Amino acid sequence: MNSHPADGAAPSLRPSPAADSAFLRACRREPVPHTPVWFMRQAGRSLPEYRKVREGTAMLEACMRPDLVAEITLQPVRRHGVDAAIYFSDIVVPLKAIGIDLEIKPGVGPVVEQPIRTRADLERLRPLEPDDVSYVAEAVRILRSELGTTPLIGFAGAPFTLASYLVEGGPSRNHEHTKALMYGDPQLWADLLDRLAGITSAFLSVQIEAGADAVQLFDSWVGALSLHDYRRRVQPHSAQVFSAVAEYGVPRIHFGVGTGELLGAMGEAGADLVGVDWRVPLDEAARRIGAGKAVQGNLDPAVLFAPGEVVAEQADRILAEAAGLEGHVFNLGHGVLPQTDPDALTRLVEHVHERSAS
């Protein structure tokens, strides 16, 4: 990949002002002054300021405007006092950047005009070059200058989830076309995921080299697979991504939904921290993941619609489950739901900080 240094030399990254933050310390499984908190989809539809700044701007257009990306990324940091910002984007941005004809339809999600289901279709997936997403690097540099000691998390979609969108042509409940390709043409499937792993690695590298302090790989749909199929047909490609960015030395997070049966295998894919959805207690999840990994999670996003004392009670339960773990980052078990009261998130951050302060 062109953004990597020649001759296998390790990249030279400037020390981050966020290096000693609670979030990065937890990722490294070091002692923390309090349990760090951030939320998946913390920048988004739950915030009135987001809706105002996005008004009249399509999602993919917003993702390509560095000034808008920076503002949206900063909004939840200002409002909630979270311990990390996550770069505002969408997992299909690198696919759009290499020329895949797709759009994000409101209320539907990413829709691909011509799904990829044949060997000939695969040729439309060219490698991602840094210049394809120069706006991403620019936005990260703006954010790094604005965030001070608050860490910035970069992110990308995992090969399986990107493949699902490409093969299905959009969101899918059953992933029938995806699984038909995976079972019916295993070589094409392997080649597709290999190519997507390269694109994802390049996209993460751009963010890290511009100043991202950590990265998260979202495998939103991988819970649709059995453990056998995950290990054999998906895990090697996720591992390929984590290996490709290992040289940067930034924490790498792996997250999927409905992955209780996959947690052990996900823990072996190479991330430093594994995100857990709300279906498995955090201490049990950590046991499945194995030693040497921090964990992230895992409040059910729907709990935020309950009275404040219930939210606090559930947060305390999660903190108790994490009490003996090597490293814990408090998060939801999936993204913030659009109708969530922003004040509930602010109160939750304050509560976790107060209860976990050492």
# chains A, B, ... in the order shown; residues from 1 in each chain; ligands from 1
call {"tool": "residues_around", "arguments": {"residues": "Pro307 in chain A", "least_positions_apart": "5", "cutoff": "12 Å", "atoms": "only C-alpha atoms", "output": "number ranges by chain"}}
result
A: 302, 312-314, 341, 343-344, 347-348
call {"tool": "write_last_selection", "arguments": {"atoms": "N, CA, C and O atoms", "output": "PDB file, in the first residue's frame"}}
result
ATOM      1  N   ALA A 302     -31.327   0.134  24.499  1.00  0.00           N
ATOM      2  CA  ALA A 302     -32.730   0.382  24.834  1.00  0.00           C
ATOM      3  C   ALA A 302     -32.919   0.749  26.300  1.00  0.00           C
ATOM      4  O   ALA A 302     -33.928   1.366  26.664  1.00  0.00           O
ATOM      5  N   ALA A 312     -28.864   3.826  35.837  1.00  0.00           N
ATOM      6  CA  ALA A 312     -27.758   3.797  36.786  1.00  0.00           C
ATOM      7  C   ALA A 312     -27.552   2.391  37.355  1.00  0.00           C
ATOM      8  O   ALA A 312     -26.419   1.923  37.503  1.00  0.00           O
ATOM      9  N   GLU A 313     -28.649   1.725  37.676  1.00  0.00           N
ATOM     10  CA  GLU A 313     -28.569   0.363  38.219  1.00  0.00           C
ATOM     11  C   GLU A 313     -27.929  -0.596  37.224  1.00  0.00           C
ATOM     12  O   GLU A 313     -27.077  -1.417  37.591  1.00  0.00           O
ATOM     13  N   GLN A 314     -28.325  -0.490  35.959  1.00  0.00           N
ATOM     14  CA  GLN A 314     -27.758  -1.365  34.935  1.00  0.00           C
ATOM     15  C   GLN A 314     -26.283  -1.033  34.674  1.00  0.00           C
ATOM     16  O   GLN A 314     -25.466  -1.925  34.433  1.00  0.00           O
ATOM     17  N   ASP A 341     -32.733  10.172  24.374  1.00  0.00           N
ATOM     18  CA  ASP A 341     -32.611  11.495  24.966  1.00  0.00           C
ATOM     19  C   ASP A 341     -31.127  11.782  25.203  1.00  0.00           C
ATOM     20  O   ASP A 341     -30.469  11.060  25.955  1.00  0.00           O
ATOM     21  N   ASP A 343     -29.672  13.839  27.039  1.00  0.00           N
ATOM     22  CA  ASP A 343     -29.371  14.048  28.457  1.00  0.00           C
ATOM     23  C   ASP A 343     -29.155  12.724  29.185  1.00  0.00           C
ATOM     24  O   ASP A 343     -28.395  12.663  30.163  1.00  0.00           O
ATOM     25  N   ALA A 344     -29.815  11.660  28.728  1.00  0.00           N
ATOM     26  CA  ALA A 344     -29.610  10.345  29.340  1.00  0.00           C
ATOM     27  C   ALA A 344     -28.170   9.874  29.132  1.00  0.00           C
ATOM     28  O   ALA A 344     -27.573   9.250  30.015  1.00  0.00           O
ATOM     29  N   ARG A 347     -25.879  11.986  31.471  1.00  0.00           N
ATOM     30  CA  ARG A 347     -25.979  11.497  32.853  1.00  0.00           C
ATOM     31  C   ARG A 347     -25.259  10.173  33.030  1.00  0.00           C
ATOM     32  O   ARG A 347     -24.642   9.913  34.071  1.00  0.00           O
ATOM     33  N   LEU A 348     -25.317   9.321  32.012  1.00  0.00           N
ATOM     34  CA  LEU A 348     -24.648   8.018  32.102  1.00  0.00           C
ATOM     35  C   LEU A 348     -23.133   8.192  32.166  1.00  0.00           C
ATOM     36  O   LEU A 348     -22.458   7.520  32.959  1.00  0.00           O
TER      37      LEU A 348
END
call {"tool": "closest_residue", "arguments": {"among": "A:Pro301, A:Gly267, A:Pro94, A:Pro186", "to": "Ala285 in chain A", "atoms": "only C-alpha atoms"}}
result
A:Gly267
call {"tool": "residues_around", "arguments": {"residues": "Arg65 in chain A", "least_positions_apart": "2", "cutoff": "12 Å", "atoms": "only C-alpha atoms", "output": "MDAnalysis selection string"}}
result
chainID A and resid 54 57:63 67:72 88:89 133:140 142
call {"tool": "residues_around", "arguments": {"residues": "His353 in chain A", "least_positions_apart": "5", "cutoff": "10 Å", "atoms": "only C-alpha atoms", "output": "list in words"}}
result
Pro33, His34, Thr35, Pro36, Val37, Val82, Asp83, Phe330, Arg347, Leu348 and Ser358 of chain A
call {"tool": "select_by_dssp", "arguments": {"residues": "range 38-263 of chain A", "states": "strand (DSSP E)", "output": "ChimeraX atom specification"}}
result
/A:85-86,102-105,109-112,152-157,214-219,252-256
call {"tool": "closest_residue", "arguments": {"among": "A:Gly308, A:Pro106, A:Gly264, A:Gly324", "to": "Gly290 in chain A", "atoms": "only C-alpha atoms"}}
result
A:Gly264
call {"tool": "residues_around", "arguments": {"residues": "Phe255 in chain A", "least_positions_apart": "4", "cutoff": "9 Å", "atoms": "only C-alpha atoms", "output": "list in words"}}
result
Gln216, Leu217, Phe218, Asp219, Ser220, Thr259, Met266, Leu273, Val274, Gly275, Val276, Asp277 and Gln296 of chain A
call {"tool": "write_last_selection", "arguments": {"atoms": "N, CA, C and O atoms", "output": "PDB file, in the first residue's frame"}}
result
ATOM      1  N   GLN A 216     -11.260   1.085  15.328  1.00  0.00           N
ATOM      2  CA  GLN A 216     -12.232   0.026  15.584  1.00  0.00           C
ATOM      3  C   GLN A 216     -12.697  -0.573  14.265  1.00  0.00           C
ATOM      4  O   GLN A 216     -13.038   0.149  13.328  1.00  0.00           O
ATOM      5  N   LEU A 217     -12.709  -1.901  14.220  1.00  0.00           N
ATOM      6  CA  LEU A 217     -13.204  -2.642  13.064  1.00  0.00           C
ATOM      7  C   LEU A 217     -14.623  -3.102  13.388  1.00  0.00           C
ATOM      8  O   LEU A 217     -14.839  -3.870  14.325  1.00  0.00           O
ATOM      9  N   PHE A 218     -15.594  -2.582  12.618  1.00  0.00           N
ATOM     10  CA  PHE A 218     -16.996  -2.929  12.829  1.00  0.00           C
ATOM     11  C   PHE A 218     -17.358  -4.120  11.952  1.00  0.00           C
ATOM     12  O   PHE A 218     -17.280  -4.039  10.732  1.00  0.00           O
ATOM     13  N   ASP A 219     -17.781  -5.223  12.581  1.00  0.00           N
ATOM     14  CA  ASP A 219     -18.284  -6.367  11.823  1.00  0.00           C
ATOM     15  C   ASP A 219     -19.748  -6.563  12.206  1.00  0.00           C
ATOM     16  O   ASP A 219     -20.123  -7.541  12.851  1.00  0.00           O
ATOM     17  N   SER A 220     -20.563  -5.617  11.777  1.00  0.00           N
ATOM     18  CA  SER A 220     -21.942  -5.528  12.248  1.00  0.00           C
ATOM     19  C   SER A 220     -22.763  -6.778  11.989  1.00  0.00           C
ATOM     20  O   SER A 220     -23.645  -7.124  12.777  1.00  0.00           O
ATOM     21  N   THR A 259     -22.569 -11.752  18.574  1.00  0.00           N
ATOM     22  CA  THR A 259     -21.341 -12.542  18.419  1.00  0.00           C
ATOM     23  C   THR A 259     -20.970 -13.347  19.662  1.00  0.00           C
ATOM     24  O   THR A 259     -19.819 -13.751  19.804  1.00  0.00           O
ATOM     25  N   MET A 266     -13.054 -14.298  17.832  1.00  0.00           N
ATOM     26  CA  MET A 266     -12.781 -12.895  17.594  1.00  0.00           C
ATOM     27  C   MET A 266     -11.585 -12.433  18.415  1.00  0.00           C
ATOM     28  O   MET A 266     -10.767 -11.627  17.949  1.00  0.00           O
ATOM     29  N   LEU A 273      -8.539  -5.131  21.987  1.00  0.00           N
ATOM     30  CA  LEU A 273      -9.751  -4.936  22.774  1.00  0.00           C
ATOM     31  C   LEU A 273     -10.929  -5.468  21.963  1.00  0.00           C
ATOM     32  O   LEU A 273     -11.009  -5.203  20.765  1.00  0.00           O
ATOM     33  N   VAL A 274     -11.802  -6.229  22.610  1.00  0.00           N
ATOM     34  CA  VAL A 274     -12.952  -6.807  21.910  1.00  0.00           C
ATOM     35  C   VAL A 274     -14.236  -6.193  22.467  1.00  0.00           C
ATOM     36  O   VAL A 274     -14.469  -6.193  23.680  1.00  0.00           O
ATOM     37  N   GLY A 275     -15.064  -5.649  21.574  1.00  0.00           N
ATOM     38  CA  GLY A 275     -16.349  -5.101  21.967  1.00  0.00           C
ATOM     39  C   GLY A 275     -17.378  -6.206  22.114  1.00  0.00           C
ATOM     40  O   GLY A 275     -17.380  -7.177  21.359  1.00  0.00           O
ATOM     41  N   VAL A 276     -18.277  -6.036  23.092  1.00  0.00           N
ATOM     42  CA  VAL A 276     -19.264  -7.061  23.436  1.00  0.00           C
ATOM     43  C   VAL A 276     -20.652  -6.438  23.369  1.00  0.00           C
ATOM     44  O   VAL A 276     -20.877  -5.358  23.920  1.00  0.00           O
ATOM     45  N   ASP A 277     -21.591  -7.113  22.699  1.00  0.00           N
ATOM     46  CA  ASP A 277     -22.953  -6.589  22.712  1.00  0.00           C
ATOM     47  C   ASP A 277     -23.615  -6.946  24.045  1.00  0.00           C
ATOM     48  O   ASP A 277     -22.989  -7.518  24.933  1.00  0.00           O
ATOM     49  N   GLN A 296     -14.832  -4.131  25.871  1.00  0.00           N
ATOM     50  CA  GLN A 296     -15.607  -2.906  25.705  1.00  0.00           C
ATOM     51  C   GLN A 296     -17.097  -3.232  25.711  1.00  0.00           C
ATOM     52  O   GLN A 296     -17.531  -4.166  25.050  1.00  0.00           O
TER      53      GLN A 296
END
call {"tool": "closest_residue", "arguments": {"among": "A:Ala291, A:Ala22, A:Pro338, A:Glu321", "to": "Gly107 in chain A", "atoms": "only C-alpha atoms"}}
result
A:Pro338
call {"tool": "closest_residue", "arguments": {"among": "A:Glu284, A:Asp131, A:Asp121, A:Asp229", "to": "Asp191 in chain A", "atoms": "only C-alpha atoms"}}
result
A:Asp121
call {"tool": "residues_around", "arguments": {"residues": "Leu181 in chain A", "least_positions_apart": "4", "cutoff": "9 Å", "atoms": "only C-alpha atoms", "output": "PyMOL selection string"}}
result
chain A and resi 117-118+167+176-177+185-186+188-189
call {"tool": "write_last_selection", "arguments": {"atoms": "C-alpha atoms", "output": "PDB file, in the first residue's frame"}}
result
ATOM      1  CA  ARG A 117     -21.519 -11.850  -7.287  1.00  0.00           C
ATOM      2  CA  THR A 118     -19.163 -13.042 -10.046  1.00  0.00           C
ATOM      3  CA  VAL A 167     -23.145  -9.105  -2.477  1.00  0.00           C
ATOM      4  CA  GLU A 176     -28.858 -15.445   1.533  1.00  0.00           C
ATOM      5  CA  HIS A 177     -26.831 -14.188  -1.444  1.00  0.00           C
ATOM      6  CA  ASP A 185     -17.726 -20.464  -4.677  1.00  0.00           C
ATOM      7  CA  PRO A 186     -15.301 -20.499  -1.751  1.00  0.00           C
ATOM      8  CA  LEU A 188     -14.230 -16.263  -5.144  1.00  0.00           C
ATOM      9  CA  TRP A 189     -15.402 -15.604  -1.590  1.00  0.00           C
TER      10      TRP A 189
END
call {"tool": "closest_residue", "arguments": {"among": "A:Gly184, A:Pro130, A:Gly256, A:Gly270", "to": "Val206 in chain A", "atoms": "only C-alpha atoms"}}
result
A:Pro130
call {"tool": "select_by_dssp", "arguments": {"residues": "range 83-331 of chain A", "states": "helix (DSSP H, G or I)", "output": "ChimeraX atom specification"}}
result
/A:93-97,119-122,130-147,159-168,176-184,186-210,222-224,227-233,235-244,246-248,260-267,282-289,301-305,308-321
call {"tool": "residues_around", "arguments": {"residues": "range 150-162 of chain A", "least_positions_apart": "3", "cutoff": "7 Å", "atoms": "only C-alpha atoms", "output": "ChimeraX atom specification"}}
result
/A:18,21,83-87,91,147,165-166,193,196-197,200,204,207,212-222,234,237-238
call {"tool": "closest_residue", "arguments": {"among": "A:Arg78, A:Arg233, A:Arg126, A:Arg144", "to": "Thr178 in chain A", "atoms": "only C-alpha atoms"}}
result
A:Arg233
